[in-house]
Amino acid sequence: MHKVVPSRGEPAVSKLLIAKVVIIVLHAVGIVGLSIPEYQDWFLQLTPVQLLSSLLILLFFHRGWNDAFPIFAAAAFWIGFGAEIIGIHTGYLFGDYVYGPTLGPKLWDVPIIIGVNWFILSYTTGVLFRAIPNDIYAAILGATAMTALDYIIEPVAVALDMWAWKWEVIPLGNYAGWFGVSFLIHLIWRKANFEKENLVSNWLLMALIVFFTVLNFTLDI
């Protein structure tokens, strides 16, 4: 009898399915946990873990591992993180706000995990519009998508004490600042020469959209 040797594609499919299930479960459990007041504090402590788990899954399925990719990754992290430092200490770019304890350890009053968040959002929205040939148009669409995401994230983040705005009002300038910083990161994404296809990116982006959209209705906002 001849032994049947599995094709090399089967393990990859299996890993992809597992990753998609993990993404769905992570965000579904987060929605339930954060929506129940008795468990909310405990689940809030896991927020950095959820972001780091999403990052690891995203990187595991990233294909373009060349010299350009870590440059983009570092740029996305530090441009986003640097913008937050400017925002916190000057009130420029986004408005007057302060971070709460929810997002973990801070550097210069900004949670370190925020840089990871900027990378994840810029990466996933970048993949979404990767097929658009014009760099400027693609960067505009990517920045618009990130700004729309921020619009649904803001009420949830405030309700969960991730950050707080002066006078409890989210200024319109915040979204203008988000668009500007996002546009810059997306331009770097477009100019960086690495493969930009990722099999789990759209799943993660959709999970994030559903996660924050549902919490807008289940939390006391």
# chains A, B, ... in the order shown; residues from 1 in each chain; ligands from 1

call {"tool": "residues_around", "arguments": {"residues": "Val214 (chain A)", "least_positions_apart": "4", "cutoff": "12 Å", "atoms": "only C-alpha atoms", "output": "VMD selection string"}}
result
chain A and resid 27 to 28 30 to 32 34 to 35 152 to 153 155 to 156 207 to 210 218 to 221

call {"tool": "select_by_dssp", "arguments": {"residues": "region 33-214 of chain A", "states": "strand (DSSP E)", "output": "list in words"}}
result
Tyr97, Val98, Tyr99, Lys106, Leu107, Val110, Pro111, Trp163, Ala164 and Trp165 of chain A

call {"tool": "write_last_selection", "arguments": {"atoms": "N, CA and C atoms", "output": "CSV table (one decimal), in the first residue's frame"}}
result
chain,number,residue,atom,x,y,z
A,97,TYR,N,-6.6,65.5,26.8
A,97,TYR,CA,-7.1,64.2,27.3
A,97,TYR,C,-6.0,63.6,28.2
A,98,VAL,N,-6.3,62.6,29.0
A,98,VAL,CA,-5.4,61.9,29.8
A,98,VAL,C,-5.7,60.4,29.7
A,99,TYR,N,-4.7,59.6,29.9
A,99,TYR,CA,-4.9,58.1,29.9
A,99,TYR,C,-5.2,57.6,31.3
A,106,LYS,N,3.0,52.8,31.3
A,106,LYS,CA,3.1,54.0,30.5
A,106,LYS,C,4.5,54.4,30.3
A,107,LEU,N,4.8,55.1,29.3
A,107,LEU,CA,6.0,55.8,29.0
A,107,LEU,C,5.7,57.2,28.7
A,110,VAL,N,2.0,57.9,28.4
A,110,VAL,CA,1.2,57.2,27.4
A,110,VAL,C,1.4,55.7,27.5
A,111,PRO,N,0.3,54.9,27.5
A,111,PRO,CA,0.5,53.5,27.6
A,111,PRO,C,1.3,53.0,26.4
A,163,TRP,N,-9.2,56.3,28.5
A,163,TRP,CA,-8.7,57.7,28.5
A,163,TRP,C,-9.9,58.6,28.8
A,164,ALA,N,-9.6,59.8,29.2
A,164,ALA,CA,-10.7,60.8,29.5
A,164,ALA,C,-10.4,62.1,28.8
A,165,TRP,N,-11.5,62.8,28.4
A,165,TRP,CA,-11.4,64.1,27.7
A,165,TRP,C,-11.7,65.2,28.7

call {"tool": "residues_around", "arguments": {"residues": "Asp67 (chain A)", "least_positions_apart": "2", "cutoff": "10 Å", "atoms": "only C-alpha atoms", "output": "PDB file with N, CA and C atoms, in the first residue's frame"}}
result
ATOM      1  N   GLY A  64       5.549  39.464   4.072  1.00  0.00           N
ATOM      2  CA  GLY A  64       6.627  40.303   3.536  1.00  0.00           C
ATOM      3  C   GLY A  64       7.742  40.578   4.522  1.00  0.00           C
ATOM      4  N   TRP A  65       8.426  39.518   4.960  1.00  0.00           N
ATOM      5  CA  TRP A  65       9.495  39.711   5.937  1.00  0.00           C
ATOM      6  C   TRP A  65      10.800  40.079   5.223  1.00  0.00           C
ATOM      7  N   PHE A  69       9.909  45.929   6.022  1.00  0.00           N
ATOM      8  CA  PHE A  69       8.767  45.755   6.927  1.00  0.00           C
ATOM      9  C   PHE A  69       9.037  46.253   8.350  1.00  0.00           C
ATOM     10  N   PRO A  70      10.152  45.862   8.989  1.00  0.00           N
ATOM     11  CA  PRO A  70      10.396  46.384  10.335  1.00  0.00           C
ATOM     12  C   PRO A  70      10.539  47.908  10.378  1.00  0.00           C
ATOM     13  N   ILE A  71      10.977  48.499   9.253  1.00  0.00           N
ATOM     14  CA  ILE A  71      11.049  49.964   9.201  1.00  0.00           C
ATOM     15  C   ILE A  71       9.647  50.553   9.262  1.00  0.00           C
ATOM     16  N   PHE A  72       8.737  49.979   8.466  1.00  0.00           N
ATOM     17  CA  PHE A  72       7.349  50.440   8.534  1.00  0.00           C
ATOM     18  C   PHE A  72       6.763  50.208   9.919  1.00  0.00           C
ATOM     19  N   ALA A 192       6.666  51.685   1.409  1.00  0.00           N
ATOM     20  CA  ALA A 192       7.522  50.588   1.875  1.00  0.00           C
ATOM     21  C   ALA A 192       7.351  49.383   0.948  1.00  0.00           C
ATOM     22  N   ASN A 193       8.459  48.825   0.510  1.00  0.00           N
ATOM     23  CA  ASN A 193       8.433  47.758  -0.486  1.00  0.00           C
ATOM     24  C   ASN A 193       8.452  46.379   0.175  1.00  0.00           C
ATOM     25  N   PHE A 194       7.272  45.905   0.566  1.00  0.00           N
ATOM     26  CA  PHE A 194       7.146  44.545   1.078  1.00  0.00           C
ATOM     27  C   PHE A 194       5.764  44.010   0.699  1.00  0.00           C
TER      28      PHE A 194
END

call {"tool": "residues_around", "arguments": {"residues": "Trp42 (chain A)", "least_positions_apart": "4", "cutoff": "12 Å", "atoms": "only C-alpha atoms", "output": "PyMOL selection string"}}
result
chain A and resi 30+33-38+46-47+102+160

call {"tool": "write_last_selection", "arguments": {"atoms": "all heavy atoms", "output": "PDB file, in the first residue's frame"}}
result
ATOM      1  N   GLY A  30     -14.578  39.049  24.831  1.00  0.00           N
ATOM      2  CA  GLY A  30     -14.361  40.416  25.311  1.00  0.00           C
ATOM      3  C   GLY A  30     -15.646  41.216  25.357  1.00  0.00           C
ATOM      4  O   GLY A  30     -15.895  41.962  26.311  1.00  0.00           O
ATOM      5  N   GLY A  33     -17.693  39.848  28.347  1.00  0.00           N
ATOM      6  CA  GLY A  33     -17.081  40.190  29.632  1.00  0.00           C
ATOM      7  C   GLY A  33     -17.169  41.663  29.970  1.00  0.00           C
ATOM      8  O   GLY A  33     -17.472  42.035  31.104  1.00  0.00           O
ATOM      9  N   LEU A  34     -16.929  42.516  28.981  1.00  0.00           N
ATOM     10  CA  LEU A  34     -16.971  43.959  29.222  1.00  0.00           C
ATOM     11  C   LEU A  34     -18.391  44.482  29.352  1.00  0.00           C
ATOM     12  O   LEU A  34     -18.609  45.571  29.894  1.00  0.00           O
ATOM     13  CB  LEU A  34     -16.243  44.695  28.091  1.00  0.00           C
ATOM     14  CG  LEU A  34     -14.731  44.482  28.020  1.00  0.00           C
ATOM     15  CD1 LEU A  34     -14.160  45.105  26.755  1.00  0.00           C
ATOM     16  CD2 LEU A  34     -14.041  45.054  29.254  1.00  0.00           C
ATOM     17  N   SER A  35     -19.362  43.723  28.861  1.00  0.00           N
ATOM     18  CA  SER A  35     -20.757  44.149  28.931  1.00  0.00           C
ATOM     19  C   SER A  35     -21.421  43.785  30.244  1.00  0.00           C
ATOM     20  O   SER A  35     -22.515  44.269  30.547  1.00  0.00           O
ATOM     21  CB  SER A  35     -21.556  43.530  27.766  1.00  0.00           C
ATOM     22  OG  SER A  35     -21.042  43.950  26.521  1.00  0.00           O
ATOM     23  N   ILE A  36     -20.765  42.932  31.031  1.00  0.00           N
ATOM     24  CA  ILE A  36     -21.313  42.514  32.328  1.00  0.00           C
ATOM     25  C   ILE A  36     -20.573  43.268  33.425  1.00  0.00           C
ATOM     26  O   ILE A  36     -19.377  43.041  33.633  1.00  0.00           O
ATOM     27  CB  ILE A  36     -21.164  40.995  32.532  1.00  0.00           C
ATOM     28  CG1 ILE A  36     -21.876  40.241  31.412  1.00  0.00           C
ATOM     29  CG2 ILE A  36     -21.719  40.586  33.896  1.00  0.00           C
ATOM     30  CD1 ILE A  36     -21.650  38.743  31.446  1.00  0.00           C
ATOM     31  N   PRO A  37     -21.225  44.173  34.137  1.00  0.00           N
ATOM     32  CA  PRO A  37     -20.548  45.015  35.138  1.00  0.00           C
ATOM     33  C   PRO A  37     -19.738  44.227  36.163  1.00  0.00           C
ATOM     34  O   PRO A  37     -18.656  44.663  36.573  1.00  0.00           O
ATOM     35  CB  PRO A  37     -21.708  45.767  35.805  1.00  0.00           C
ATOM     36  CG  PRO A  37     -22.779  45.804  34.759  1.00  0.00           C
ATOM     37  CD  PRO A  37     -22.663  44.506  34.014  1.00  0.00           C
ATOM     38  N   GLU A  38     -20.234  43.066  36.582  1.00  0.00           N
ATOM     39  CA  GLU A  38     -19.548  42.277  37.609  1.00  0.00           C
ATOM     40  C   GLU A  38     -18.183  41.779  37.145  1.00  0.00           C
ATOM     41  O   GLU A  38     -17.294  41.526  37.960  1.00  0.00           O
ATOM     42  CB  GLU A  38     -20.414  41.075  38.022  1.00  0.00           C
ATOM     43  CG  GLU A  38     -21.678  41.434  38.780  1.00  0.00           C
ATOM     44  CD  GLU A  38     -22.805  41.886  37.854  1.00  0.00           C
ATOM     45  OE1 GLU A  38     -22.600  41.866  36.612  1.00  0.00           O
ATOM     46  OE2 GLU A  38     -23.879  42.254  38.361  1.00  0.00           O
ATOM     47  N   LEU A  46      -7.279  42.573  30.947  1.00  0.00           N
ATOM     48  CA  LEU A  46      -6.793  41.729  29.862  1.00  0.00           C
ATOM     49  C   LEU A  46      -6.697  42.469  28.529  1.00  0.00           C
ATOM     50  O   LEU A  46      -6.309  41.877  27.521  1.00  0.00           O
ATOM     51  CB  LEU A  46      -7.717  40.513  29.696  1.00  0.00           C
ATOM     52  CG  LEU A  46      -7.793  39.556  30.892  1.00  0.00           C
ATOM     53  CD1 LEU A  46      -8.815  38.463  30.611  1.00  0.00           C
ATOM     54  CD2 LEU A  46      -6.427  38.954  31.189  1.00  0.00           C
ATOM     55  N   THR A  47      -7.041  43.752  28.517  1.00  0.00           N
ATOM     56  CA  THR A  47      -7.018  44.523  27.264  1.00  0.00           C
ATOM     57  C   THR A  47      -5.646  44.502  26.590  1.00  0.00           C
ATOM     58  O   THR A  47      -5.555  44.236  25.378  1.00  0.00           O
ATOM     59  CB  THR A  47      -7.467  45.975  27.515  1.00  0.00           C
ATOM     60  OG1 THR A  47      -8.790  45.973  28.051  1.00  0.00           O
ATOM     61  CG2 THR A  47      -7.439  46.774  26.225  1.00  0.00           C
ATOM     62  N   THR A 102      -6.214  51.608  32.472  1.00  0.00           N
ATOM     63  CA  THR A 102      -6.701  50.394  31.817  1.00  0.00           C
ATOM     64  C   THR A 102      -5.694  49.771  30.855  1.00  0.00           C
ATOM     65  O   THR A 102      -5.586  48.543  30.778  1.00  0.00           O
ATOM     66  CB  THR A 102      -7.999  50.694  31.048  1.00  0.00           C
ATOM     67  OG1 THR A 102      -8.971  51.173  31.963  1.00  0.00           O
ATOM     68  CG2 THR A 102      -8.530  49.448  30.356  1.00  0.00           C
ATOM     69  N   LEU A 160     -14.910  52.977  29.427  1.00  0.00           N
ATOM     70  CA  LEU A 160     -14.097  51.973  30.116  1.00  0.00           C
ATOM     71  C   LEU A 160     -12.855  52.569  30.773  1.00  0.00           C
ATOM     72  O   LEU A 160     -11.969  51.837  31.214  1.00  0.00           O
ATOM     73  CB  LEU A 160     -13.688  50.870  29.133  1.00  0.00           C
ATOM     74  CG  LEU A 160     -14.841  50.049  28.541  1.00  0.00           C
ATOM     75  CD1 LEU A 160     -14.313  49.048  27.524  1.00  0.00           C
ATOM     76  CD2 LEU A 160     -15.616  49.331  29.646  1.00  0.00           C
TER      77      LEU A 160
END

call {"tool": "select_by_dssp", "arguments": {"residues": "region 32-217 of chain A", "states": "alpha helix (DSSP H)", "output": "PyMOL selection string"}}
result
chain A and resi 32-35+37-44+47-60+68-90+113-128+135-159+172-191+201-217

call {"tool": "atom_distance", "arguments": {"atom1": "CA of Phe211 (chain A)", "atom2": "CA of Leu59 (chain A)"}}
result
20.8 Å

call {"tool": "residues_around", "arguments": {"residues": "Ala75 (chain A)", "least_positions_apart": "3", "cutoff": "12 Å", "atoms": "only C-alpha atoms", "output": "PyMOL selection string"}}
result
chain A and resi 68-72+78-83+115-116+118-119+122-123+181-182+184-189+192

call {"tool": "write_last_selection", "arguments": {"atoms": "N, CA, C and O atoms", "output": "CSV table (one decimal), in the first residue's frame"}}
result
chain,number,residue,atom,x,y,z
A,68,ALA,N,12.3,46.2,4.7
A,68,ALA,CA,11.4,47.3,4.7
A,68,ALA,C,10.3,47.2,5.7
A,68,ALA,O,9.8,48.2,6.2
A,69,PHE,N,9.9,45.9,6.0
A,69,PHE,CA,8.8,45.8,6.9
A,69,PHE,C,9.0,46.3,8.3
A,69,PHE,O,8.2,47.0,8.9
A,70,PRO,N,10.2,45.9,9.0
A,70,PRO,CA,10.4,46.4,10.3
A,70,PRO,C,10.5,47.9,10.4
A,70,PRO,O,10.2,48.5,11.4
A,71,ILE,N,11.0,48.5,9.3
A,71,ILE,CA,11.0,50.0,9.2
A,71,ILE,C,9.6,50.6,9.3
A,71,ILE,O,9.4,51.5,10.0
A,72,PHE,N,8.7,50.0,8.5
A,72,PHE,CA,7.3,50.4,8.5
A,72,PHE,C,6.8,50.2,9.9
A,72,PHE,O,6.1,51.1,10.5
A,78,TRP,N,6.1,54.3,16.4
A,78,TRP,CA,6.7,55.5,17.0
A,78,TRP,C,6.0,56.8,16.5
A,78,TRP,O,5.9,57.8,17.3
A,79,ILE,N,5.5,56.8,15.3
A,79,ILE,CA,4.7,58.0,14.9
A,79,ILE,C,3.4,58.1,15.7
A,79,ILE,O,3.0,59.2,16.2
A,80,GLY,N,2.7,57.0,15.8
A,80,GLY,CA,1.5,57.0,16.6
A,80,GLY,C,1.7,57.3,18.0
A,80,GLY,O,1.1,58.1,18.7
A,81,PHE,N,2.8,56.6,18.6
A,81,PHE,CA,3.1,56.8,20.0
A,81,PHE,C,3.6,58.2,20.3
A,81,PHE,O,3.2,58.9,21.2
A,82,GLY,N,4.4,58.7,19.3
A,82,GLY,CA,4.9,60.1,19.5
A,82,GLY,C,3.8,61.1,19.4
A,82,GLY,O,3.8,62.1,20.1
A,83,ALA,N,2.8,60.9,18.5
A,83,ALA,CA,1.7,61.8,18.4
A,83,ALA,C,0.9,61.8,19.7
A,83,ALA,O,0.4,62.9,20.1
A,115,GLY,N,1.1,52.3,21.0
A,115,GLY,CA,1.9,52.2,19.8
A,115,GLY,C,1.6,50.9,19.0
A,115,GLY,O,1.5,50.9,17.8
A,116,VAL,N,1.3,49.8,19.7
A,116,VAL,CA,0.9,48.6,19.1
A,116,VAL,C,-0.5,48.8,18.4
A,116,VAL,O,-0.7,48.3,17.3
A,118,TRP,N,-1.7,51.5,17.2
A,118,TRP,CA,-1.6,52.3,15.9
A,118,TRP,C,-1.0,51.4,14.8
A,118,TRP,O,-1.5,51.5,13.7
A,119,PHE,N,-0.1,50.5,15.1
A,119,PHE,CA,0.4,49.6,14.1
A,119,PHE,C,-0.7,48.7,13.6
A,119,PHE,O,-0.9,48.5,12.4
A,122,SER,N,-3.3,50.6,11.4
A,122,SER,CA,-2.7,51.1,10.1
A,122,SER,C,-2.4,49.9,9.2
A,122,SER,O,-2.6,49.9,8.0
A,123,TYR,N,-2.0,48.8,9.8
A,123,TYR,CA,-1.7,47.6,9.0
A,123,TYR,C,-2.9,47.0,8.4
A,123,TYR,O,-3.0,46.7,7.2
A,181,VAL,N,-2.4,62.0,11.2
A,181,VAL,CA,-1.4,61.1,11.6
A,181,VAL,C,-1.5,59.8,10.8
A,181,VAL,O,-0.5,59.2,10.4
A,182,SER,N,-2.8,59.3,10.7
A,182,SER,CA,-3.0,58.1,9.9
A,182,SER,C,-2.6,58.2,8.5
A,182,SER,O,-2.0,57.2,7.9
A,184,LEU,N,-0.2,60.0,7.2
A,184,LEU,CA,1.3,59.9,7.2
A,184,LEU,C,1.7,58.5,7.3
A,184,LEU,O,2.6,58.0,6.5
A,185,ILE,N,1.2,57.7,8.2
A,185,ILE,CA,1.5,56.3,8.4
A,185,ILE,C,1.2,55.5,7.1
A,185,ILE,O,2.0,54.7,6.7
A,186,HIS,N,0.0,55.8,6.6
A,186,HIS,CA,-0.4,55.1,5.4
A,186,HIS,C,0.5,55.4,4.2
A,186,HIS,O,0.7,54.5,3.3
A,187,LEU,N,1.0,56.6,4.1
A,187,LEU,CA,1.9,56.9,3.0
A,187,LEU,C,3.2,56.1,3.1
A,187,LEU,O,3.7,55.6,2.1
A,188,ILE,N,3.7,55.9,4.4
A,188,ILE,CA,4.8,55.1,4.6
A,188,ILE,C,4.6,53.7,4.2
A,188,ILE,O,5.4,53.0,3.6
A,189,TRP,N,3.4,53.2,4.6
A,189,TRP,CA,2.9,51.8,4.3
A,189,TRP,C,3.0,51.6,2.8
A,189,TRP,O,3.5,50.6,2.3
A,192,ALA,N,6.7,51.7,1.4
A,192,ALA,CA,7.5,50.6,1.9
A,192,ALA,C,7.4,49.4,0.9
A,192,ALA,O,6.2,49.0,0.6

call {"tool": "atom_distance", "arguments": {"atom1": "CA of Trp178 (chain A)", "atom2": "CA of Phe43 (chain A)"}}
result
26.8 Å

call {"tool": "residues_around", "arguments": {"residues": "Leu205 (chain A)", "least_positions_apart": "5", "cutoff": "9 Å", "atoms": "only C-alpha atoms", "output": "list in words"}}
result
Ile120, Leu121, Thr124, Thr125, Leu128, Val200 and Val210 of chain A

call {"tool": "atom_distance", "arguments": {"atom1": "CA of Ala148 (chain A)", "atom2": "CA of Asn202 (chain A)"}}
result
15.8 Å

call {"tool": "closest_residue", "arguments": {"among": "A:Ala159, A:Thr144, A:Ser14, A:Ile112", "to": "Pro48 (chain A)", "atoms": "only C-alpha atoms"}}
result
A:Ile112

call {"tool": "decode", "arguments": {"residues": "region 145-218 of chain A", "atoms": "C-alpha atoms", "output": "PDB file, in the first residue's frame"}}
result
ATOM      1  CA  ALA A 145     -11.072  54.132   7.627  1.00  0.00           C
ATOM      2  CA  MET A 146      -8.876  54.630  10.700  1.00  0.00           C
ATOM      3  CA  THR A 147     -10.687  57.853  11.580  1.00  0.00           C
ATOM      4  CA  ALA A 148     -14.043  56.079  11.249  1.00  0.00           C
ATOM      5  CA  LEU A 149     -12.708  53.367  13.547  1.00  0.00           C
ATOM      6  CA  ASP A 150     -11.641  55.974  16.070  1.00  0.00           C
ATOM      7  CA  TYR A 151     -15.173  57.399  15.949  1.00  0.00           C
ATOM      8  CA  ILE A 152     -16.655  54.107  17.190  1.00  0.00           C
ATOM      9  CA  ILE A 153     -13.755  53.440  19.574  1.00  0.00           C
ATOM     10  CA  GLU A 154     -13.888  56.786  21.401  1.00  0.00           C
ATOM     11  CA  PRO A 155     -17.186  56.376  23.336  1.00  0.00           C
ATOM     12  CA  VAL A 156     -16.224  52.847  24.405  1.00  0.00           C
ATOM     13  CA  ALA A 157     -12.720  53.870  25.493  1.00  0.00           C
ATOM     14  CA  VAL A 158     -14.089  56.751  27.570  1.00  0.00           C
ATOM     15  CA  ALA A 159     -16.754  54.552  29.177  1.00  0.00           C
ATOM     16  CA  LEU A 160     -14.097  51.973  30.116  1.00  0.00           C
ATOM     17  CA  ASP A 161     -11.683  54.589  31.502  1.00  0.00           C
ATOM     18  CA  MET A 162      -9.022  53.938  28.887  1.00  0.00           C
ATOM     19  CA  TRP A 163      -8.729  57.700  28.512  1.00  0.00           C
ATOM     20  CA  ALA A 164     -10.723  60.778  29.484  1.00  0.00           C
ATOM     21  CA  TRP A 165     -11.357  64.087  27.715  1.00  0.00           C
ATOM     22  CA  LYS A 166     -11.308  67.502  29.287  1.00  0.00           C
ATOM     23  CA  TRP A 167     -14.875  68.635  29.995  1.00  0.00           C
ATOM     24  CA  GLU A 168     -15.962  65.115  28.940  1.00  0.00           C
ATOM     25  CA  VAL A 169     -16.310  66.257  25.331  1.00  0.00           C
ATOM     26  CA  ILE A 170     -14.610  64.535  22.384  1.00  0.00           C
ATOM     27  CA  PRO A 171     -13.430  67.453  20.208  1.00  0.00           C
ATOM     28  CA  LEU A 172     -13.851  67.389  16.445  1.00  0.00           C
ATOM     29  CA  GLY A 173     -10.161  68.243  16.220  1.00  0.00           C
ATOM     30  CA  ASN A 174      -9.410  64.778  17.542  1.00  0.00           C
ATOM     31  CA  TYR A 175     -10.673  63.244  14.320  1.00  0.00           C
ATOM     32  CA  ALA A 176      -8.772  65.745  12.189  1.00  0.00           C
ATOM     33  CA  GLY A 177      -5.610  64.834  14.098  1.00  0.00           C
ATOM     34  CA  TRP A 178      -6.313  61.132  13.698  1.00  0.00           C
ATOM     35  CA  PHE A 179      -6.755  61.553   9.969  1.00  0.00           C
ATOM     36  CA  GLY A 180      -3.508  63.499   9.608  1.00  0.00           C
ATOM     37  CA  VAL A 181      -1.364  61.061  11.597  1.00  0.00           C
ATOM     38  CA  SER A 182      -3.029  58.066   9.944  1.00  0.00           C
ATOM     39  CA  PHE A 183      -2.459  59.547   6.491  1.00  0.00           C
ATOM     40  CA  LEU A 184       1.262  59.915   7.188  1.00  0.00           C
ATOM     41  CA  ILE A 185       1.547  56.310   8.381  1.00  0.00           C
ATOM     42  CA  HIS A 186      -0.401  55.057   5.371  1.00  0.00           C
ATOM     43  CA  LEU A 187       1.903  56.916   2.998  1.00  0.00           C
ATOM     44  CA  ILE A 188       4.849  55.119   4.582  1.00  0.00           C
ATOM     45  CA  TRP A 189       2.932  51.834   4.279  1.00  0.00           C
ATOM     46  CA  ARG A 190       2.413  52.454   0.563  1.00  0.00           C
ATOM     47  CA  LYS A 191       6.013  53.465  -0.120  1.00  0.00           C
ATOM     48  CA  ALA A 192       7.522  50.588   1.875  1.00  0.00           C
ATOM     49  CA  ASN A 193       8.433  47.758  -0.486  1.00  0.00           C
ATOM     50  CA  PHE A 194       7.146  44.545   1.078  1.00  0.00           C
ATOM     51  CA  GLU A 195       4.334  42.082   0.363  1.00  0.00           C
ATOM     52  CA  LYS A 196       1.107  43.465   1.786  1.00  0.00           C
ATOM     53  CA  GLU A 197      -1.230  40.491   1.705  1.00  0.00           C
ATOM     54  CA  ASN A 198      -2.270  38.912   5.013  1.00  0.00           C
ATOM     55  CA  LEU A 199      -4.853  36.139   5.267  1.00  0.00           C
ATOM     56  CA  VAL A 200      -6.149  37.131   8.719  1.00  0.00           C
ATOM     57  CA  SER A 201      -5.938  40.921   8.459  1.00  0.00           C
ATOM     58  CA  ASN A 202      -9.486  41.499   7.197  1.00  0.00           C
ATOM     59  CA  TRP A 203     -10.859  39.083   9.783  1.00  0.00           C
ATOM     60  CA  LEU A 204      -9.135  40.993  12.562  1.00  0.00           C
ATOM     61  CA  LEU A 205     -10.318  44.334  11.191  1.00  0.00           C
ATOM     62  CA  MET A 206     -13.917  43.120  10.988  1.00  0.00           C
ATOM     63  CA  ALA A 207     -13.671  41.677  14.507  1.00  0.00           C
ATOM     64  CA  LEU A 208     -12.495  45.066  15.807  1.00  0.00           C
ATOM     65  CA  ILE A 209     -15.348  46.878  14.051  1.00  0.00           C
ATOM     66  CA  VAL A 210     -17.963  44.482  15.447  1.00  0.00           C
ATOM     67  CA  PHE A 211     -16.325  44.545  18.897  1.00  0.00           C
ATOM     68  CA  PHE A 212     -16.527  48.314  19.334  1.00  0.00           C
ATOM     69  CA  THR A 213     -19.850  48.695  17.520  1.00  0.00           C
ATOM     70  CA  VAL A 214     -21.572  46.212  19.829  1.00  0.00           C
ATOM     71  CA  LEU A 215     -19.995  47.739  22.944  1.00  0.00           C
ATOM     72  CA  ASN A 216     -21.403  51.113  21.927  1.00  0.00           C
ATOM     73  CA  PHE A 217     -24.825  49.585  22.568  1.00  0.00           C
ATOM     74  CA  THR A 218     -24.113  47.308  25.550  1.00  0.00           C
TER      75      THR A 218
END
